[in-house]
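Here the structure is laid out as structure tokens; the discussion comes afterwards.
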Amino acid sequence: MILHGGDYNPEQWPGHVWDEDMRLMKLAHVNTATVGVFSWATLEPEEDRYEFDWLDRIMDKLYKNGVRVILATPSGAKPHWMAAKYPEIRRVLPDGRREPQRHRHNHCYTSPVYREKTQAINARLAQRYKDHPALHLWHVSNEFGGECFCELCKQAFREWLKRRYGSLDAVNTAWWTRFWSHTYTAWEQIDEIDNTVQGLVLDWKRFVTDQTVDFMRHEIAPLKKFTPRVPVTINMMGWWVDLNYRKFAPYLDVASWDSYPEWHGGRPDWRVACDFAFMHDVFRALKPGRPWLLMESAPSATNWQRASRPKLPGLHRLSSLQAVAHGSDSVLYFQWRRSRGSCEKFHGAVVDHAGHEHTRVFREVAALGRELETLKGVAGTTENAEVALIYDWENRWAIEAASGPRNAEKNHGETCIEHYRPFWQAGITVDVIDMDCDFSKYRLVVAPMLYMLRPGVAERMLKFEGTLVATYLTGWVNESDLCFLGGFPGGGLRKLFGIWAEEMDVPETETIRWRGKTYKARQYCERIHAEGAEVLAKYSDGRPALTRNGRAYFIASRNDERFQDDFAGMLIKDLKLKRALNAKLPVGVTAQRRGKRVFVMNFNPTPKTVAGKIKLAGYDCRIL
Amino acid sequence: MILHGGDYNPEQWPGHVWDEDMRLMKLAHVNTATVGVFSWATLEPEEDRYEFDWLDRIMDKLYKNGVRVILATPSGAKPHWMAAKYPEIRRVLPDGRREPQRHRHNHCYTSPVYREKTQAINARLAQRYKDHPALHLWHVSNEFGGECFCELCKQAFREWLKRRYGSLDAVNTAWWTRFWSHTYTAWEQIDEIDNTVQGLVLDWKRFVTDQTVDFMRHEIAPLKKFTPRVPVTINMMGWWVDLNYRKFAPYLDVASWDSYPEWHGGRPDWRVACDFAFMHDVFRALKPGRPWLLMESAPSATNWQRASRPKLPGLHRLSSLQAVAHGSDSVLYFQWRRSRGSCEKFHGAVVDHAGHEHTRVFREVAALGRELETLKGVAGTTENAEVALIYDWENRWAIEAASGPRNAEKNHGETCIEHYRPFWQAGITVDVIDMDCDFSKYRLVVAPMLYMLRPGVAERMLKFEGTLVATYLTGWVNESDLCFLGGFPGGGLRKLFGIWAEEMDVPETETIRWRGKTYKARQYCERIHAEGAEVLAKYSDGRPALTRNGRAYFIASRNDERFQDDFAGMLIKDLKLKRALNAKLPVGVTAQRRGKRVFVMNFNPTPKTVAGKIKLAGYDCRIL
Amino acid sequence: MILHGGDYNPEQWPGHVWDEDMRLMKLAHVNTATVGVFSWATLEPEEDRYEFDWLDRIMDKLYKNGVRVILATPSGAKPHWMAAKYPEIRRVLPDGRREPQRHRHNHCYTSPVYREKTQAINARLAQRYKDHPALHLWHVSNEFGGECFCELCKQAFREWLKRRYGSLDAVNTAWWTRFWSHTYTAWEQIDEIDNTVQGLVLDWKRFVTDQTVDFMRHEIAPLKKFTPRVPVTINMMGWWVDLNYRKFAPYLDVASWDSYPEWHGGRPDWRVACDFAFMHDVFRALKPGRPWLLMESAPSATNWQRASRPKLPGLHRLSSLQAVAHGSDSVLYFQWRRSRGSCEKFHGAVVDHAGHEHTRVFREVAALGRELETLKGVAGTTENAEVALIYDWENRWAIEAASGPRNAEKNHGETCIEHYRPFWQAGITVDVIDMDCDFSKYRLVVAPMLYMLRPGVAERMLKFEGTLVATYLTGWVNESDLCFLGGFPGGGLRKLFGIWAEEMDVPETETIRWRGKTYKARQYCERIHAEGAEVLAKYSDGRPALTRNGRAYFIASRNDERFQDDFAGMLIKDLKLKRALNAKLPVGVTAQRRGKRVFVMNFNPTPKTVAGKIKLAGYDCRIL
């Protein structure tokens with residue numbers, strides 16, 4: 001079945017509202033509630049005094065009403081009393097000042113006290129509800145993120161470095177510290193911030209991920225101890241670039257994420273939809289072979305975006321089914337009921353401040369809930385993709401940390417999506433993976449801007465028997481951001497692609513010609529030499545702009561959309577890639593296969609017809 | 001009589017310049033000088049050693065030359081010796097660092113030492129000059145503003161909260177602190193900064209106003225003790241949004257403000273004039289029934305604006321008379337003589353660095369001074385307005401503090417002015433009031449974006465028998481920024497307007513149709529339902545955009561200028577509102593009645609003719 | 001001979017690379033290597049333990065290969081061990097926090113420890129290599145810059161003030177401290193930061209320059225002691241506005257600077273070339289009568305600019321010869337070999353990561369090296385200019401520190417270049433000097449925006465017998481930023497120019513008419529009166545815009561390029577100024593005479609023909 005429901009904070013409301021909530025949940029076809037996010041101050045109002053009665057009552061009430069519970073651990077926001085008594089649990093800013101309490105998501109992941117407090121409350125929650133029939137899933141903390149520069153974290157970073165490198169000599173070598181006299185002669189000299197040393201920048205970001213994972217594992221331990229059969233997830237933030245979510249996946253039973261597209265703004269809605277399809281495919285590929293969960297989405301507008309409009313009629317159903325089409329086994333919302341006060345009171349919710357069911361938003365949510373109940377052949381299924389695209393967090397960090405080359409923007413993320421777009425538009429399932437994933441199960445691997453190569457990646461590419469597409473900026477540095485010597489792309493890829501990339505130009509505009517058509521290029525125009533590769537396209541001055549060496553394509557420049565369409569079109573045709581629907585899809589319409597179903601989705605506000613017969617209203621979704 | 005003169009700092013100049021000043025003041029028809037602003041280091045060069053001789057001499061000299069003195073208390077800038085000896089009088093920044101001395105206007109309003117020092121110097125000034133015939137008015141400190149985060153202020157804030165709420169439970173309820181586990185269990189946990197808690201944000205701003213008022217009252221006490229008959233004012237800054245000036249008014253004998261329009265810049269001058277007419281009307285309404293004072297204005301250019309041009313010929317007279325037309329009993333300048341050094345040396349003054357009277361600026365000032373001497377039937381008079389517009393500082397704070405809904409900009413201030421503009425253009429006197437003012441004396445009350453309703457406001461609106469105009473975003477929250485439940489506009493206004501505002505859309509563009517014309521809307525387009533109200537205008541999709549329920553109009557969208565003109569035009573006609581002049585006024589020309597006079601003002605650089613007979617040169621003002 | 005080579009950091013590379021470097025240097029016709037910049041951690045890996053063996057070997061190796069050495073002192077980057085042991089050598093930020101180690105160029109110039117450590121390493125370097133035949137020049141530290149706010153610096157500033165002013169009274173007078181009660185009554189009250197006091201702002205900047213010069217002299221002392229005959233330089237940064245390089249010049253044997261034009265970006269290349277010609281002429285005039293050195297330049301792209309493109313074919317030769325044409329006796333690069341890691345690994349270099357000589361960049365460098373070897377009659381020569389333009393650092397500081405008048409931008413630097421441009425375009429040698437330089441040797445002195453007049457400057461202008469051109473904003477303040485009284489331009493210049501500047505207008509647009517043509521003006525349009533001067537051009541309202549009083553011209557407004565061309569054209573014609581080539585040069589083509597040669601340079605990408613016969617390819621340079 002598909003979960004339908006969302007974040008529910010009854011502790012903010014008096015009891016009579018709870019009964020009304022039950023009535024409304026039934027009307028909305030809600031079967032799931034996420035409870036306990038940010039409830040620590042209510043669960044433990046003073047140190048070691050716990051209050052579970054209210055939670056007992058709400059768990060029972062939900063169960064009686066057929067609503068299962070995703071139970072959250074409360075560590076996303078520490079209570080004021082704890083921050084006052086244990087200042088060390090508050091983060092230290094890069095400039096050395098300790099953060100005041102305030103806000104949320106601002107605890108130190110290293111602090112032994114915070115880890116102890118977290119384990120204590122988690123253990124009590126698990127012990128108390130381990131046999132509760134409503135308990136369906138653990139939701140650990142909330143949207144992990146951020147970094148801390150306290151002495152404990154600094155020390156942990158140095159220990160992490162010792163484990164990684166063994167010796168200071170190895171650190172000095174990896175970070176090329178003879179540059180600017182940055183040679184370390186004692187571990188204590190290592191300052192976690194020095195953006196002139198890219199090896200350090202990368203390692204600090206790796207450490208932050210690892211330390212957050214470690215904290216998460218501390219949270220999970222008591223849950224697994226007392227409820228070994230209850231699965232565990234965390235709600236991730238797709239566009240949060242500072243954590244490498246791949247490192248979290250092994251410890252989770254199911255992946256989930258919070259998806260907040262900015263609809264009806266300056267860009268066409270179908271472009272927004274493409275971005276979020278891409279990110280859905282990141283999460284589908286995070287735990288291969290398992291559905292994922294849409295943990296949060298807005299039933300209406302958000303309140304924190306620059307210009308957040310309510311979803312126009314139909315879009316709520318469409319965008320929710322989009323997630324399901326890409327592998328989600330849930331449509332969950334933040335939030336069930338709008339809070340009355342504080343900073344998220346204007347974030348869209350199923351139940352408005354008006355308090356009743358007679359709102360457009362409620363009606364659309366209820367209708368979707370009803371439809372999800374009848375949707376068969378989808379829940380539990382997964383798709384096998386023929387195409388993979390490499391979107392690698394560490395590679396993105398390395399590109400952003402590097403000083404040059406660039407023309408204003410580097411746009412790693414946007415570029416990955418631009419390479420993904422034509423496949424999405426054609427209705428082809430794409431796994432968005434990182435460079436350590438297994439390539440061998442795919443027929444096509446697209447690797448935009450693969451600037452950094454971790455050990456073994458080039459080797460696995462050389463062994464890969466499918467078609468490989470790389471671009472400018474490929475194979476420049478190793479995992480420590482040390483440049484490959486001997487000519488780019490390094491690590492052996494020069495031979496694979498049969499080219500040498502001599503210089504990088506970063507013009508405002510350039511043109512290339514391919515198969516009789518002229519395309520615009522901009523920002524990155526690598527100057528390459530064919531060394532065995534066939535030259536397919538050329539720059540205006542006749543030099544190679546696109547090459548093929550066996551099954552390895554190299555795109556030297558950042559080209560316009562038309563090129564992307566034509567190039568991907570060629571691959572789709574040549575490789576006979578499987579499409580969800582054998583029909584040409586209008587712009588902004590796509591189809592995604594899942595299980596026994598094909599979802600045909602129109603992200604345009606206007607009606608479209610597919611294959612001459614499937615008629616879609618604006619913002620419509622047909623499930624075949 | 002109309003006061004004419006301005007800020008005078010003889011302590012910066014040698015004695016021979018003083019005599020020259022007296023000669024020049026006569027030539028300039030100056031009758032008033034503001035003395036002592038920022039003179040503390042001269043008055044008390046070291047602790048408890050006072051030097052009043054220079055001030056005695058200048059007071060005498062001015063008196064002998066027919067110039068009355070507005071005597072300032074010097075607290076706007078603390079002497080270096082005091083900041084060095086008593087570091088606690090310097091403010092603490094939000095990040096906890098104590099500010100260095102430097103600049104001005106940066107003392108802690110809570111510090112007992114600073115209060116004591118201020119009272120001591122004020123008492124001495126009052127005692128010394130209580131019988132001086134030149135003493136006309138007290139000018140307390142200078143342009144109060146800013147906030148301090150020292151321990152004394154934090155403690156005072158907590159005391160303020162205790163007085164306001166009585167218990168922590170009441171604070172937790174008012175601030176909705178169960179959200180994000182923000183429940184306080186001890187007063188000490190309350191941090192004065194947490195922009196995620198809007199109730200706290202508002203209360204902190206209220207506290208800052210109250211603490212500044214309290215400081216001001218400490219300053220006033222010795223003045224009133226020794227000179228009970230000398231009136232007291234402070235020079236306020238109209239566009240300074242961080243203080244609620246309404247709270248200062250009860251303790252002042254006369255309101256005054258510093259007005260610095262940015263003429264001849266990117267916008268037409270008449271728009272600038274409209275903004276400042278609006279603010280003049282704020283100050284006229286601050287002490288109902290009493291004239292106010294234009295305490296500072298620039299005789300030429302300022303030096304601190306982005307592009308400050310000297311006033312073009314004629315504009316000095318026009319802009320000065322504009323203040324008089326709106327109720328000012330003065331035309332006062334910052335500054336009499338340009339300082340030779342430091343950061344305001346290029347701020348316009350009556351006497352330039354050239355030092356003589358043969359400048360264009362001096363000639364225009366002198367001519368105006370002469371004209372003011374002969375202007376009869378104006379000084380001392382006030383006007384009764386039929387129209388009021390609600391511009392409420394706390395409401396503005398609440399709108400700005402809220403996270404969403406918005407499309408980029410919220411523009412509360414600009415919107416209020418836009419609703420004011422058509423009345424100003426028509427020559428109708430408008431009181432700009434806050435929501436606690438008495439509505440009953442007006443025939444029309446316009447309340448743009450009245451998002452917050454303090455207790456009693458809705459009730460007084462329900463009782464109000466005149467015409468009421470409200471807009472999108474009305475009645476969303478109570479005084480603690482807690483949303484009204486049961487449907488917007490809350491607090492009973494849903495019934496008054498006969499509508500329910502279900503959703504807020506924030507599109508880039510929308511259109512509405514009214515009386516056969518199409519108008520543009522943007523940024524805020526509330527989706528409302530008529531519940532008894534008559535639908536006057538509709539959105540492009542046919543839903544209501546403008547309604548009328550008896551005498552209560554509701555404008556659901558932010559519309560273009562043409563709509564504002566037509567809508568206000570309808571009200572003016574229907575209500576037969578009194579206009580200063582029964583004639584259609586060209587764009588950029590307005591008329592204001594005051595006492596026995598009507599000021600007809602042309603803010604265009606080109607000549608205009610009114611009613612076929614009143615011919616106005618560019619930047620001309622005719623007094624009828 | 002012309003030096004050819006650049007920065008070389010062999011300590012980053014293993015020994016086998018060194019031999020390859022020698023082979024490649026020969027191929028590249030390199031005769032000079034700058035060694036030791038940032039090598040402190042290698043030279044002194046722990047306190048008082050020195051390692052010179054590697055340097056001995058590289059010095060010997062270079063010498064044997066015919067490469068002379070510019071030996072750097074290593075103080076540009078302090079080793080980690082030193083920063084850890086002596087925290088006081090790290091700078092303190094304006095907010096009082098001590099900077100972490102990190103980066104480079106961030107040591108305190110006052111710190112006795114750092115001065116001692118610097119002298120110690122410098123003395124050892126000088127003693128060890130004093131007789132080494134490769135040692136050609138000392139390169140002291142690297143790109144001095146920045147400021148420190150530690151207690152030692154604060155104290156040094158107060159001592160500097162005591163020396164400059166003698167008494168606090170004199171400080172108070174110079175800084176006009178009665179304004180805002182800023183009177184100082186004890187030296188300890190002086191805070192080095194208070195941007196409301198312009199006299200203080202200027203004096204702090206003067207102090208920073210003086211303290212940096214003092215530090216540099218400490219560095220030089222041991223070098224001169226042990227190697228009195230080896231000349232000394234520092235590599236300056238032309239566009240670094242915070243140091244007054246004129247104060248450094250007396251202690252240097254040769255001037256040198258690091259030149260990084262941003263070619264092929266949004267502006268035409270010839271405009272970029274003009275900017276850098278201007279700065280070359282600053283450095284040529286810094287040590288009159290002596291060639292200077294181009295110490296750093298990029299053989300290809302930089303990595304730190306917004307959009308740094310590799311030089312297009314031909315431009316490397318052209319831009320290098322441009323420096324030679326303007327008086328450089330060197331073409332030196334940062335850097336010889338690209339570092340493998342850290343933040344400058346993508347900065348262009350002679351030897352790429354590819355590691356061999358078969359790159360376009362290497363080939364162009366080698367070809368230029370060969371050409372420089374054969375270029376006779378240039379090295380060692382200097383030119384005498386007939387024209388001087390005043391670009392004065394202190395004046396620039398004063399203009400930028402002043403609050404108003406302005407219309408958005410003040411653009412002192414851009415304005416100076418705009419006045420320089422027509423002379424550069426015409427092939428006329430211009431010395432760019434400061435206001436203390438001797439004017440008498442020139443026939444024409446152009447002084448744009450000479451806002452501040454130091455003592456004696458006006459007097460020297462009055463005595464000057466050549467033609468003088470001044471503009472709006474001339475003679476407003478003295479060296480303490482105190483306004484001249486009695487009418488601008490002050491200090492006696494009112495009489496010299498025969499005008500009085502009454503008011504400054506700052507419109508967006510204005511026009512002036514001169515000799516029947518209309519020109520645009522903007523931003524600064526001073527309102528002047530002719531007092532004896534002849535009015536040559538007028539504003540649209542008929543008031544004077546350009547005047548002449550004998551040989552003294554006054555340009556009242558900031559005019560468009562066409563005016564600059566026509567006005568300079570008139571001067572060139574009237575004064576019969578010497579041009580490198582008697583021919584009209586196309587836009588973007590210029591000619592510069594040096595020694596026996598004339599360099600004709602085409603900064604356009606397209607071919608141009610000069611005087612009907614000299615044909616230049618795009619980016620070509622012909623040496624006649």
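Ordered as shown in the structure tokens, chains take letters A, B, and onward, while each chain numbers its residues from 1 and ligands are numbered from 1 in the order shown.
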inquiry  = Contacts from chain C to chain A, 7 Å maximum, only C-alpha atoms: show me the residue list as a ChimeraX atom specification.
reply    = /C:12,38-41,77-81,84,102-104,303-304,306-310,340-343,346,353-355
Keeping C-alpha atoms, export the residues of the selection given above as a CSV table (one decimal), in the first residue's frame.
chain,number,residue,atom,x,y,z
C,12,GLN,CA,57.3,21.3,-4.2
C,38,PHE,CA,56.9,31.0,0.4
C,39,SER,CA,59.7,28.5,1.2
C,40,TRP,CA,60.1,29.2,4.9
C,41,ALA,CA,58.7,25.9,6.1
C,77,ALA,CA,53.9,33.0,4.5
C,78,LYS,CA,54.8,32.1,8.1
C,79,PRO,CA,55.3,28.4,8.9
C,80,HIS,CA,52.6,26.7,11.0
C,81,TRP,CA,55.0,26.0,13.8
C,84,ALA,CA,51.4,28.0,16.9
C,102,ARG,CA,45.7,29.8,7.3
C,103,HIS,CA,46.3,31.5,4.0
C,104,ARG,CA,49.3,33.7,3.6
C,303,ASN,CA,42.7,31.0,-11.9
C,304,TRP,CA,41.3,33.6,-9.5
C,306,ARG,CA,35.9,35.9,-12.5
C,307,ALA,CA,36.3,34.7,-16.0
C,308,SER,CA,39.9,34.2,-16.9
C,309,ARG,CA,40.5,32.9,-20.4
C,310,PRO,CA,43.8,31.7,-21.8
C,340,ARG,CA,49.9,19.9,-8.4
C,341,GLY,CA,47.8,20.8,-5.5
C,342,SER,CA,46.4,23.7,-3.4
C,343,CYS,CA,44.6,26.8,-4.5
C,346,PHE,CA,45.0,26.1,-12.1
C,353,HIS,CA,50.5,19.5,-15.5
C,354,ALA,CA,51.0,17.6,-18.7
C,355,GLY,CA,54.7,18.1,-17.9
Residues within 6 Å of Gly618 in chain B, only C-alpha atoms, excluding chain neighbours under 5 positions, as a PyMOL selection string = chain B and resi 604-607
request  = Excluding Thr32 in chain B and any residue of its chain fewer than 5 positions from it, enumerate the residues within 10 Å of it, using only C-alpha atoms, and give them as a PyMOL selection string.
outcome  = chain B and resi 2-8+25+62-63+66-70+134+136+330-332
Requested write-out: all heavy atoms of the selected residues, as a compact mmCIF listing (two decimals), in the first residue's frame:
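Listing of again16.txt after writing:
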# COMPACT_ATOMS: atom_id res chain seq x y z
N ILE B 2 6.19 81.35 12.52
CA ILE B 2 6.88 80.16 12.01
C ILE B 2 8.36 80.26 12.40
O ILE B 2 9.01 81.28 12.10
CB ILE B 2 6.76 80.09 10.47
CG1 ILE B 2 5.31 80.21 10.01
CG2 ILE B 2 7.43 78.83 9.94
CD1 ILE B 2 4.47 79.01 10.20
N LEU B 3 8.86 79.22 13.04
CA LEU B 3 10.29 79.22 13.38
C LEU B 3 11.11 79.00 12.11
O LEU B 3 10.77 78.17 11.27
CB LEU B 3 10.60 78.10 14.38
CG LEU B 3 9.78 78.08 15.67
CD1 LEU B 3 10.26 76.94 16.58
CD2 LEU B 3 9.85 79.41 16.40
N HIS B 4 12.21 79.75 12.03
CA HIS B 4 13.10 79.62 10.87
C HIS B 4 14.54 79.64 11.37
O HIS B 4 14.94 80.57 12.06
CB HIS B 4 12.85 80.76 9.87
CG HIS B 4 13.62 80.61 8.59
ND1 HIS B 4 14.44 81.60 8.10
CD2 HIS B 4 13.68 79.59 7.70
CE1 HIS B 4 14.97 81.19 6.95
NE2 HIS B 4 14.52 79.98 6.69
N GLY B 5 15.29 78.62 11.05
CA GLY B 5 16.67 78.56 11.54
C GLY B 5 17.17 77.14 11.47
O GLY B 5 16.92 76.43 10.50
N GLY B 6 17.88 76.70 12.54
CA GLY B 6 18.32 75.31 12.51
C GLY B 6 19.51 75.02 13.40
O GLY B 6 19.91 75.86 14.23
N ASP B 7 20.07 73.85 13.21
CA ASP B 7 21.17 73.37 14.05
C ASP B 7 22.39 74.28 13.93
O ASP B 7 22.84 74.61 12.82
CB ASP B 7 21.57 71.94 13.63
CG ASP B 7 20.72 70.90 14.32
OD1 ASP B 7 19.51 71.13 14.49
OD2 ASP B 7 21.28 69.85 14.70
N TYR B 8 22.91 74.62 15.08
CA TYR B 8 24.01 75.58 15.13
C TYR B 8 25.05 75.06 16.11
O TYR B 8 24.73 74.81 17.28
CB TYR B 8 23.44 76.94 15.57
CG TYR B 8 24.46 78.05 15.70
CD1 TYR B 8 25.49 78.20 14.76
CD2 TYR B 8 24.38 78.97 16.74
CE1 TYR B 8 26.41 79.22 14.88
CE2 TYR B 8 25.29 80.02 16.86
CZ TYR B 8 26.31 80.12 15.93
OH TYR B 8 27.22 81.14 16.05
N MET B 25 22.77 85.53 10.22
CA MET B 25 21.44 85.09 10.63
C MET B 25 20.42 86.20 10.37
O MET B 25 19.30 85.92 9.93
CB MET B 25 21.44 84.68 12.10
CG MET B 25 22.07 83.29 12.35
SD MET B 25 21.88 82.73 14.06
CE MET B 25 22.96 81.29 14.05
N LEU B 62 22.74 85.16 20.90
CA LEU B 62 21.58 84.83 20.08
C LEU B 62 20.37 85.66 20.53
O LEU B 62 19.64 86.22 19.71
CB LEU B 62 21.27 83.32 20.17
CG LEU B 62 22.27 82.43 19.42
CD1 LEU B 62 22.13 80.96 19.87
CD2 LEU B 62 22.07 82.52 17.90
N TYR B 63 20.18 85.71 21.85
CA TYR B 63 19.04 86.46 22.36
C TYR B 63 19.09 87.91 21.91
O TYR B 63 18.10 88.47 21.44
CB TYR B 63 18.99 86.36 23.88
CG TYR B 63 17.81 87.10 24.45
CD1 TYR B 63 16.51 86.64 24.22
CD2 TYR B 63 17.99 88.29 25.17
CE1 TYR B 63 15.41 87.33 24.72
CE2 TYR B 63 16.89 88.97 25.66
CZ TYR B 63 15.60 88.50 25.45
OH TYR B 63 14.53 89.19 25.93
N GLY B 66 17.87 88.48 18.56
CA GLY B 66 16.50 88.12 18.23
C GLY B 66 16.32 86.67 17.81
O GLY B 66 15.35 86.34 17.14
N VAL B 67 17.26 85.85 18.20
CA VAL B 67 17.17 84.44 17.82
C VAL B 67 16.85 83.62 19.06
O VAL B 67 17.58 83.67 20.04
CB VAL B 67 18.50 83.96 17.19
CG1 VAL B 67 18.41 82.47 16.82
CG2 VAL B 67 18.85 84.81 15.99
N ARG B 68 15.75 82.87 19.03
CA ARG B 68 15.43 82.04 20.18
C ARG B 68 16.19 80.71 20.07
O ARG B 68 16.61 80.31 18.98
CB ARG B 68 13.94 81.82 20.33
CG ARG B 68 13.29 81.12 19.18
CD ARG B 68 11.81 81.42 19.17
NE ARG B 68 11.62 82.84 18.94
CZ ARG B 68 10.48 83.50 19.19
NH1 ARG B 68 9.43 82.85 19.67
NH2 ARG B 68 10.38 84.80 18.96
N VAL B 69 16.33 80.06 21.20
CA VAL B 69 17.18 78.87 21.25
C VAL B 69 16.36 77.62 21.54
O VAL B 69 15.56 77.59 22.49
CB VAL B 69 18.27 79.02 22.33
CG1 VAL B 69 19.01 77.70 22.54
CG2 VAL B 69 19.26 80.12 21.91
N ILE B 70 16.53 76.62 20.69
CA ILE B 70 16.09 75.27 21.01
C ILE B 70 17.32 74.58 21.60
O ILE B 70 18.31 74.38 20.89
CB ILE B 70 15.58 74.54 19.75
CG1 ILE B 70 14.37 75.28 19.16
CG2 ILE B 70 15.25 73.10 20.07
CD1 ILE B 70 13.87 74.71 17.84
N ALA B 134 16.22 83.40 26.08
CA ALA B 134 16.32 82.79 24.74
C ALA B 134 15.76 81.38 24.72
O ALA B 134 15.42 80.85 23.66
CB ALA B 134 17.78 82.77 24.29
N HIS B 136 13.64 78.42 24.40
CA HIS B 136 12.33 78.33 23.80
C HIS B 136 11.77 76.92 23.88
O HIS B 136 10.56 76.72 24.03
CB HIS B 136 12.45 78.76 22.33
CG HIS B 136 11.16 78.75 21.59
ND1 HIS B 136 10.12 79.62 21.87
CD2 HIS B 136 10.72 77.98 20.56
CE1 HIS B 136 9.10 79.39 21.06
NE2 HIS B 136 9.43 78.38 20.25
N SER B 330 7.34 75.27 11.73
CA SER B 330 8.75 75.65 11.61
C SER B 330 9.32 75.20 10.27
O SER B 330 8.79 74.28 9.64
CB SER B 330 9.58 74.99 12.72
OG SER B 330 9.71 73.61 12.46
N VAL B 331 10.38 75.88 9.88
CA VAL B 331 11.27 75.41 8.82
C VAL B 331 12.67 75.52 9.39
O VAL B 331 13.24 76.60 9.47
CB VAL B 331 11.13 76.24 7.53
CG1 VAL B 331 12.16 75.79 6.50
CG2 VAL B 331 9.71 76.15 6.97
N LEU B 332 13.17 74.37 9.84
CA LEU B 332 14.49 74.38 10.49
C LEU B 332 15.43 73.48 9.70
O LEU B 332 15.01 72.51 9.08
CB LEU B 332 14.36 73.86 11.93
CG LEU B 332 13.48 74.73 12.85
CD1 LEU B 332 13.22 74.04 14.19
CD2 LEU B 332 14.12 76.09 13.08
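The gap separating CA of Ile234 in chain C from CA of Val254 in chain C is 8.3 Å, in Å to one decimal.
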task = Quick one: pick out all strand (DSSP E) residues within range 398-499 of chain A from a backbone DSSP run and write them as a ChimeraX atom specification.
result = /A:430-433,444-447,467-471,499
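Note that CA of Arg579 in chain C and CA of Ser297 in chain C are 27.9 Å apart.
Interatomic distance, CA of Cys108 in chain B against CA of Glu44 in chain B: 19.5 Å.
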inquiry  = Can you pull out the residues contacting Thr382 in chain B? Cut-off 8 Å, using only C-alpha atoms, and skip same-chain residues under 3 positions away; I want them as a PyMOL selection string.
reply    = chain B and resi 289-291+327+594-595
I need the chosen residues saved as an mmCIF file, in the first residue's frame, with N, CA and C atoms.
data_model
loop_
_atom_site.group_PDB
_atom_site.id
_atom_site.type_symbol
_atom_site.label_atom_id
_atom_site.label_comp_id
_atom_site.auth_asym_id
_atom_site.auth_seq_id
_atom_site.Cartn_x
_atom_site.Cartn_y
_atom_site.Cartn_z
ATOM 1 N N GLY B 289 -4.398 67.956 17.051
ATOM 2 C CA GLY B 289 -4.782 69.302 17.462
ATOM 3 C C GLY B 289 -3.618 70.228 17.733
ATOM 4 N N ARG B 290 -2.389 69.750 17.495
ATOM 5 C CA ARG B 290 -1.248 70.642 17.716
ATOM 6 C C ARG B 290 -0.350 70.667 16.485
ATOM 7 N N PRO B 291 0.167 71.829 16.140
ATOM 8 C CA PRO B 291 1.162 71.867 15.061
ATOM 9 C C PRO B 291 2.399 71.063 15.457
ATOM 10 N N GLY B 327 1.145 71.253 8.432
ATOM 11 C CA GLY B 327 0.987 71.453 9.860
ATOM 12 C C GLY B 327 2.227 71.821 10.629
ATOM 13 N N ARG B 594 -4.612 74.765 5.221
ATOM 14 C CA ARG B 594 -4.195 74.905 6.615
ATOM 15 C C ARG B 594 -4.659 76.264 7.102
ATOM 16 N N GLY B 595 -5.434 76.256 8.172
ATOM 17 C CA GLY B 595 -5.948 77.505 8.736
ATOM 18 C C GLY B 595 -6.724 78.257 7.662
#
